[in-house]
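Engineer: Just target13.cif, nothing more (mmCIF, C-alpha atoms and all ligand atoms):
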```
data_input
loop_
_atom_site.label_atom_id
_atom_site.label_comp_id
_atom_site.auth_asym_id
_atom_site.auth_seq_id
_atom_site.Cartn_x
_atom_site.Cartn_y
_atom_site.Cartn_z
CA MET M 90 -5.20 -23.61 -36.69
CA SER M 91 -4.32 -20.22 -35.25
CA GLU M 92 -6.07 -19.09 -32.11
CA GLU M 93 -4.56 -15.66 -32.03
CA ARG M 94 -6.72 -13.11 -30.33
CA PRO M 95 -6.86 -9.42 -31.07
CA PRO M 96 -4.57 -7.46 -28.72
CA ASN M 97 -7.42 -6.05 -26.62
CA ALA M 98 -9.49 -9.21 -26.28
CA ARG M 99 -8.19 -10.07 -22.84
CA PRO M 100 -9.33 -7.75 -20.06
CA ALA M 101 -6.72 -6.16 -17.83
CA ARG M 102 -5.87 -8.32 -14.82
CA LEU M 103 -7.70 -6.93 -11.82
CA GLY M 104 -7.23 -7.60 -8.14
CA LYS M 105 -8.64 -6.68 -4.78
CA ALA M 106 -7.15 -5.38 -1.55
CA LYS M 107 -8.49 -6.16 1.90
CA GLY M 108 -10.18 -3.26 3.69
CA VAL M 109 -7.91 -3.68 6.70
CA ILE M 110 -5.05 -2.13 4.68
CA VAL M 111 -7.24 0.46 2.89
CA ARG M 112 -9.03 1.89 5.92
CA PRO M 113 -6.00 3.00 8.02
CA MET M 114 -4.93 5.65 5.49
CA ILE M 115 -8.45 7.14 5.58
CA ASP M 116 -8.46 7.10 9.40
CA TRP M 117 -5.02 8.75 9.44
CA PHE M 118 -6.22 11.37 6.96
CA THR M 119 -9.34 12.10 9.03
CA SER M 120 -7.39 12.38 12.28
CA THR M 121 -4.94 14.76 10.59
CA PHE M 122 -7.27 16.87 8.43
CA GLY M 123 -10.54 16.57 10.33
CA GLN M 124 -14.09 16.13 9.16
CA ARG M 125 -13.72 18.95 6.62
CA GLY M 126 -10.72 17.20 5.16
CA LEU M 127 -12.72 13.97 4.87
CA GLU M 128 -15.48 15.87 3.06
CA GLU M 129 -12.89 17.35 0.69
CA LEU M 130 -11.55 13.85 0.06
CA ALA M 131 -15.03 12.43 -0.59
CA ALA M 132 -15.74 15.21 -3.09
CA ALA M 133 -12.45 14.50 -4.92
CA ILE M 134 -13.10 10.76 -5.43
CA ASP M 135 -13.91 9.81 -9.03
CA PRO M 136 -17.74 9.40 -9.19
CA ARG M 137 -17.28 5.99 -10.89
CA TRP M 138 -16.51 4.57 -7.42
CA ALA M 139 -19.45 6.20 -5.63
CA THR M 140 -21.51 3.00 -5.54
CA GLU M 141 -18.65 1.12 -3.81
CA LEU M 142 -18.35 3.71 -1.03
CA VAL M 143 -20.40 5.54 1.58
CA LEU M 144 -19.10 9.00 0.75
CA ASP M 145 -20.75 10.69 3.75
CA GLY M 146 -19.98 7.85 6.19
CA PRO M 147 -17.05 7.17 8.52
CA ALA M 148 -13.88 6.20 6.59
CA LEU M 149 -15.92 6.45 3.34
CA GLY M 150 -17.64 3.21 4.35
CA ILE M 151 -14.50 1.05 3.94
CA ALA M 152 -14.87 -2.02 6.20
CA PRO M 153 -11.72 -3.80 7.45
CA GLY M 154 -13.09 -7.22 6.44
CA GLY M 155 -14.24 -6.20 2.96
CA TRP M 156 -12.34 -6.59 -0.32
CA TYR M 157 -11.97 -3.61 -2.63
CA ASP M 158 -10.76 -3.20 -6.21
CA GLU M 159 -7.06 -2.25 -6.20
CA ARG M 160 -8.03 0.63 -8.53
CA LEU M 161 -10.44 1.96 -5.91
CA ALA M 162 -7.74 1.75 -3.22
CA SER M 163 -5.44 3.51 -5.73
CA GLU M 164 -7.95 6.32 -6.26
CA ILE M 165 -8.28 6.86 -2.49
CA ALA M 166 -4.49 6.79 -2.01
CA ALA M 167 -3.91 9.25 -4.87
CA ARG M 168 -6.49 11.73 -3.54
CA ILE M 169 -5.22 11.45 0.03
CA ILE M 170 -1.60 12.04 -1.04
CA ALA M 171 -2.63 14.97 -3.26
CA ILE M 172 -4.49 16.75 -0.44
CA ALA M 173 -1.95 15.85 2.27
CA SER M 174 0.93 17.11 0.09
CA THR M 175 -0.44 20.66 0.42
CA ARG M 176 0.38 20.56 4.15
CA MET M 177 3.44 18.28 4.35
CA THR M 178 5.88 16.57 2.03
CA GLU M 179 4.70 13.50 0.16
CA ALA M 180 7.41 11.48 1.92
CA GLU M 181 6.05 12.55 5.33
CA ALA M 182 2.50 11.59 4.34
CA LEU M 183 3.62 8.20 3.01
CA HIS M 184 5.65 7.48 6.13
CA ALA M 185 2.69 8.29 8.39
CA ILE M 186 0.35 6.14 6.26
CA GLY M 187 2.80 3.21 6.19
CA THR M 188 3.18 3.39 9.97
CA VAL M 189 -0.52 3.40 10.82
CA THR M 190 -1.32 0.75 8.18
CA VAL M 191 1.28 -1.74 9.41
CA ASP M 192 0.68 -1.11 13.11
CA ARG M 193 -3.08 -1.64 12.72
CA SER M 194 -3.07 -4.54 10.27
CA LEU M 195 -0.41 -6.50 12.12
CA GLY M 196 -2.27 -6.35 15.42
CA ARG M 197 -0.56 -6.10 18.79
CA ILE M 198 0.68 -9.69 19.03
CA SER M 199 2.09 -9.95 15.52
CA ARG M 200 3.72 -6.57 15.90
CA ALA M 201 5.47 -7.70 19.06
CA VAL M 202 6.69 -10.82 17.24
CA VAL M 203 8.17 -8.66 14.48
CA GLU M 204 9.84 -6.38 17.02
CA TRP M 205 11.33 -9.25 19.01
CA PHE M 206 12.33 -11.79 16.39
CA ALA M 207 12.32 -10.37 12.90
CA SER M 208 15.38 -9.38 10.94
CA PRO M 209 15.49 -7.85 7.47
CA ASP M 210 16.01 -11.38 6.12
CA THR M 211 12.94 -12.86 7.81
CA ALA M 212 10.91 -9.80 6.81
CA ALA M 213 11.93 -10.40 3.19
CA ILE M 214 11.07 -14.10 3.42
CA SER M 215 7.64 -13.39 4.92
CA ALA M 216 6.81 -10.76 2.28
CA GLN M 217 4.98 -13.22 0.03
CA LEU M 218 2.96 -14.64 2.93
CA SER M 219 1.97 -11.17 4.08
CA TRP M 220 1.08 -10.22 0.53
CA ARG M 221 -1.50 -12.98 0.20
CA LEU M 222 -3.22 -11.92 3.41
CA PHE M 223 -4.03 -8.51 2.00
CA HIS M 224 -4.13 -8.78 -1.82
CA SER M 225 -6.21 -11.17 -3.95
CA THR M 226 -3.75 -11.28 -6.85
CA GLY M 227 -0.05 -11.05 -7.50
CA TRP M 228 3.14 -11.94 -5.72
CA ILE M 229 6.16 -10.21 -4.29
CA SER M 230 9.72 -11.41 -3.91
CA ALA M 231 12.22 -9.62 -1.70
CA SER M 232 15.88 -10.13 -0.92
CA VAL M 233 18.36 -8.40 1.36
CA ALA M 234 21.93 -7.48 0.41
CA GLY M 235 23.94 -5.42 2.86
CA SER M 236 21.87 -2.50 4.09
CA ALA M 237 19.30 -2.67 1.30
CA MET M 238 16.25 -4.73 0.40
CA HIS M 239 15.24 -5.15 -3.21
CA ALA M 240 11.63 -6.17 -3.90
CA VAL M 241 9.96 -7.06 -7.17
CA GLY M 242 6.29 -7.85 -7.55
CA ILE M 243 3.43 -7.98 -9.99
CA TRP M 244 -0.22 -7.46 -9.08
CA GLY M 245 -3.59 -6.31 -10.38
CA ALA M 246 -4.08 -2.95 -12.08
CA HIS M 247 -3.18 -0.20 -9.59
CA GLY M 248 -1.96 3.36 -9.28
CA GLU M 249 1.51 4.63 -8.46
CA LYS M 250 0.56 6.22 -5.11
CA TRP M 251 -1.07 2.99 -3.85
CA CYS M 252 2.11 1.17 -4.94
CA ALA M 253 4.04 3.78 -2.92
CA VAL M 254 1.84 3.05 0.12
CA VAL M 255 2.83 -0.63 -0.20
CA GLY M 256 6.45 0.51 -0.18
CA ALA M 257 5.83 2.71 2.86
CA CYS M 258 4.46 -0.36 4.66
CA SER M 259 7.69 -2.27 3.96
CA VAL M 260 9.61 0.69 5.41
CA ARG M 261 7.57 0.41 8.61
CA VAL M 262 8.10 -3.37 8.89
CA LEU M 263 11.85 -2.84 8.56
CA GLU M 264 11.73 -0.08 11.19
CA LEU M 265 9.99 -2.49 13.58
CA THR M 266 12.91 -4.91 13.18
CA GLY M 267 15.08 -2.19 14.73
CA LEU M 268 16.62 -0.58 11.65
CA GLU M 269 17.18 3.17 11.50
CA ASP M 270 16.87 5.78 8.76
CA VAL M 271 14.85 3.40 6.56
CA ARG M 272 13.81 5.00 3.27
CA ILE M 273 12.69 4.17 -0.26
CA ASP M 274 15.72 4.59 -2.50
CA ARG M 275 14.12 3.70 -5.83
CA HIS M 276 10.57 2.86 -6.92
CA THR M 277 9.36 2.01 -10.40
CA CYS M 278 5.65 1.30 -10.85
CA SER M 279 4.20 -0.27 -13.99
CA GLY M 280 0.61 0.03 -12.79
CA GLY M 281 0.22 -3.75 -13.08
CA ALA M 282 1.16 -4.08 -16.75
CA ARG M 283 4.54 -5.55 -15.80
CA SER M 284 6.44 -5.94 -12.54
CA CYS M 285 6.97 -3.09 -10.08
CA GLU M 286 10.32 -2.75 -8.31
CA MET M 287 11.53 -1.09 -5.17
CA THR M 288 14.81 -0.68 -3.32
CA VAL M 289 14.68 0.17 0.38
CA ARG M 290 17.82 1.28 2.20
CA TRP M 291 18.75 1.88 5.83
CA SER M 292 21.77 3.12 7.72
CA SER M 293 24.36 0.45 8.34
CA ARG M 294 25.64 -0.06 11.86
ZN ZN M 301 3.16 -0.51 -8.95
#
```
Represent the structure of the file as structure tokens.
Structural biologist:
Amino acid sequence: MSEERPPNARPARLGKAKGVIVRPMIDWFTSTFGQRGLEELAAAIDPRWATELVLDGPALGIAPGGWYDERLASEIAARIIAIASTRMTEAEALHAIGTVTVDRSLGRISRAVVEWFASPDTAAISAQLSWRLFHSTGWISASVAGSAMHAVGIWGAHGEKWCAVVGACSVRVLELTGLEDVRIDRHTCSGGARSCEMTVRWSSR
């Protein structure tokens, strides 16, 4: 007997991100654009998320130890990038966000370990482990060839700018291993419907 379901019977796969990787971009935004910027950001957030946030509180009420819908993190990332892009390039904003997010979430000890021991290869191998610390769903697989890292992953429904923040974090990790001129060469985001892919390149020495 057939058990075929109508195409829309299964809800979209949803996931959560840990607050410790959501909060740094808000703190960076506030330190760069001030309290008025934070108020502008709060006013721009889709009202559907109002009950999940403290819109007039510090960092919109995002707690480092909490877990938040990837779509909420995506909304915050999209609004931050949109406002920041009026004062700097999007690439500059993403680089700053990736830097503060990795440096805070790694902690001082782990960061030192990365700086002393990590290579692009070990960074690629540890990508899946790091992923599970900060995301409730999905996986990522990364490999290094020459002066490029190719990563493919699939995770809960999310927006393109939040996916770009994830990429910016990988840029920062690779910078900490001592590489120079690290940049995103190619990024395709499916929003969670299929896999997302990214190629990161750096200058060869
Ligand atoms: Zn994506």
Engineer: Quick one: pull the distance between CA of Arg294 in chain M and CA of Gly242 in chain M, Å, one decimal.
Structural biologist: 28.5 Å
Engineer: Write out as a PyMOL selection string each polymer residue whose atoms come within 8 Å of Asp210 in chain M, counting only C-alpha atoms; drop sequence neighbours fewer than 3 positions from it.
Structural biologist: chain M and resi 207+213-214+232-233
Engineer: Please write out the residues within 8 Å of ligand ZN 301 (chain M) as a list in words, counting all atoms listed in the file.
Structural biologist: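 For ligand ZN 301 (chain M), the residues inside 8 Å are Ile243, Trp244, His247, Gly248, Glu249, Trp251, Cys252, Ala253, Thr277, Cys278, Ser279, Gly280, Gly281, Ser284, Cys285 and Glu286 of chain M.
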Engineer: State, in Å with one decimal place, the distance from CA of Gly123 in chain M to CA of Gly154 in chain M.
Structural biologist: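 Distance between the two atoms: 24.2 Å.
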Engineer: Name the residues in contact with range 114-121 of chain M at a cut-off of 9 Å, using all atoms listed in the file, excluding same-chain residues fewer than 5 positions from it; report them as a PyMOL selection string.
Structural biologist: chain M and resi 126-127+147-149+151+165-166+169+173+185-187+189-190
Engineer: With 6 Å on each side, where is the centre of the axis-aligned box around all listed atoms of range 282-292 of chain M, and how long are its edges in Å to one decimal, as JSON?
Structural biologist:
```
{"center_x": 11.5, "center_y": -1.4, "center_z": -4.5, "size_x": 32.6, "size_y": 21.1, "size_z": 36.5}
```
Engineer: Give me the residues near range 139-144 of chain M as a PyMOL selection string, where near means some atom within 12 Å (using only C-alpha atoms) and where sequence neighbours in that chain fewer than 3 positions away do not count.
Structural biologist: chain M and resi 108+112+115+127-136+147-152+155-158+160-162+164-165
Engineer: Please supply range 140-161 of chain M, rebuilt with N, CA and C atoms, as a compact mmCIF listing (two decimals), keeping the file's coordinate frame.
Structural biologist:
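Final file, out-v2.txt:
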```txt
# COMPACT_ATOMS: atom_id res chain seq x y z
N THR M 140 -20.64 4.09 -5.99
CA THR M 140 -21.51 3.00 -5.54
C THR M 140 -20.77 2.01 -4.64
N GLU M 141 -19.44 2.04 -4.64
CA GLU M 141 -18.65 1.12 -3.81
C GLU M 141 -18.40 1.71 -2.42
N LEU M 142 -18.71 3.00 -2.26
CA LEU M 142 -18.35 3.71 -1.03
C LEU M 142 -19.57 4.31 -0.36
N VAL M 143 -19.40 4.72 0.90
CA VAL M 143 -20.40 5.54 1.58
C VAL M 143 -19.73 6.89 1.77
N LEU M 144 -19.91 7.78 0.80
CA LEU M 144 -19.10 9.00 0.75
C LEU M 144 -19.33 9.93 1.94
N ASP M 145 -20.51 9.84 2.58
CA ASP M 145 -20.75 10.69 3.75
C ASP M 145 -20.65 9.90 5.06
N GLY M 146 -20.09 8.69 4.99
CA GLY M 146 -19.98 7.85 6.19
C GLY M 146 -18.57 7.86 6.75
N PRO M 147 -18.39 7.27 7.94
CA PRO M 147 -17.05 7.17 8.52
C PRO M 147 -16.12 6.37 7.60
N ALA M 148 -14.90 6.87 7.41
CA ALA M 148 -13.88 6.20 6.59
C ALA M 148 -14.42 5.83 5.21
N LEU M 149 -15.32 6.66 4.68
CA LEU M 149 -15.92 6.45 3.34
C LEU M 149 -16.61 5.10 3.23
N GLY M 150 -16.93 4.49 4.37
CA GLY M 150 -17.64 3.21 4.35
C GLY M 150 -16.75 2.00 4.13
N ILE M 151 -15.42 2.19 4.13
CA ILE M 151 -14.50 1.05 3.94
C ILE M 151 -14.49 0.19 5.21
N ALA M 152 -14.83 -1.09 5.06
CA ALA M 152 -14.87 -2.02 6.20
C ALA M 152 -13.60 -2.85 6.21
N PRO M 153 -12.98 -3.05 7.37
CA PRO M 153 -11.72 -3.80 7.45
C PRO M 153 -11.81 -5.19 6.82
N GLY M 154 -12.97 -5.86 6.96
CA GLY M 154 -13.09 -7.22 6.44
C GLY M 154 -13.50 -7.31 4.99
N GLY M 155 -13.81 -6.18 4.35
CA GLY M 155 -14.24 -6.20 2.96
C GLY M 155 -13.07 -6.28 2.00
N TRP M 156 -13.36 -6.60 0.73
CA TRP M 156 -12.34 -6.59 -0.32
C TRP M 156 -12.70 -5.53 -1.34
N TYR M 157 -11.72 -4.75 -1.76
CA TYR M 157 -11.97 -3.61 -2.63
C TYR M 157 -11.01 -3.63 -3.82
N ASP M 158 -11.55 -3.27 -4.98
CA ASP M 158 -10.76 -3.20 -6.21
C ASP M 158 -9.47 -2.40 -5.95
N GLU M 159 -8.33 -2.94 -6.39
CA GLU M 159 -7.06 -2.25 -6.20
C GLU M 159 -7.11 -0.84 -6.82
N ARG M 160 -7.92 -0.69 -7.89
CA ARG M 160 -8.03 0.63 -8.53
C ARG M 160 -8.78 1.61 -7.65
N LEU M 161 -9.73 1.10 -6.86
CA LEU M 161 -10.44 1.96 -5.91
C LEU M 161 -9.49 2.39 -4.78
```
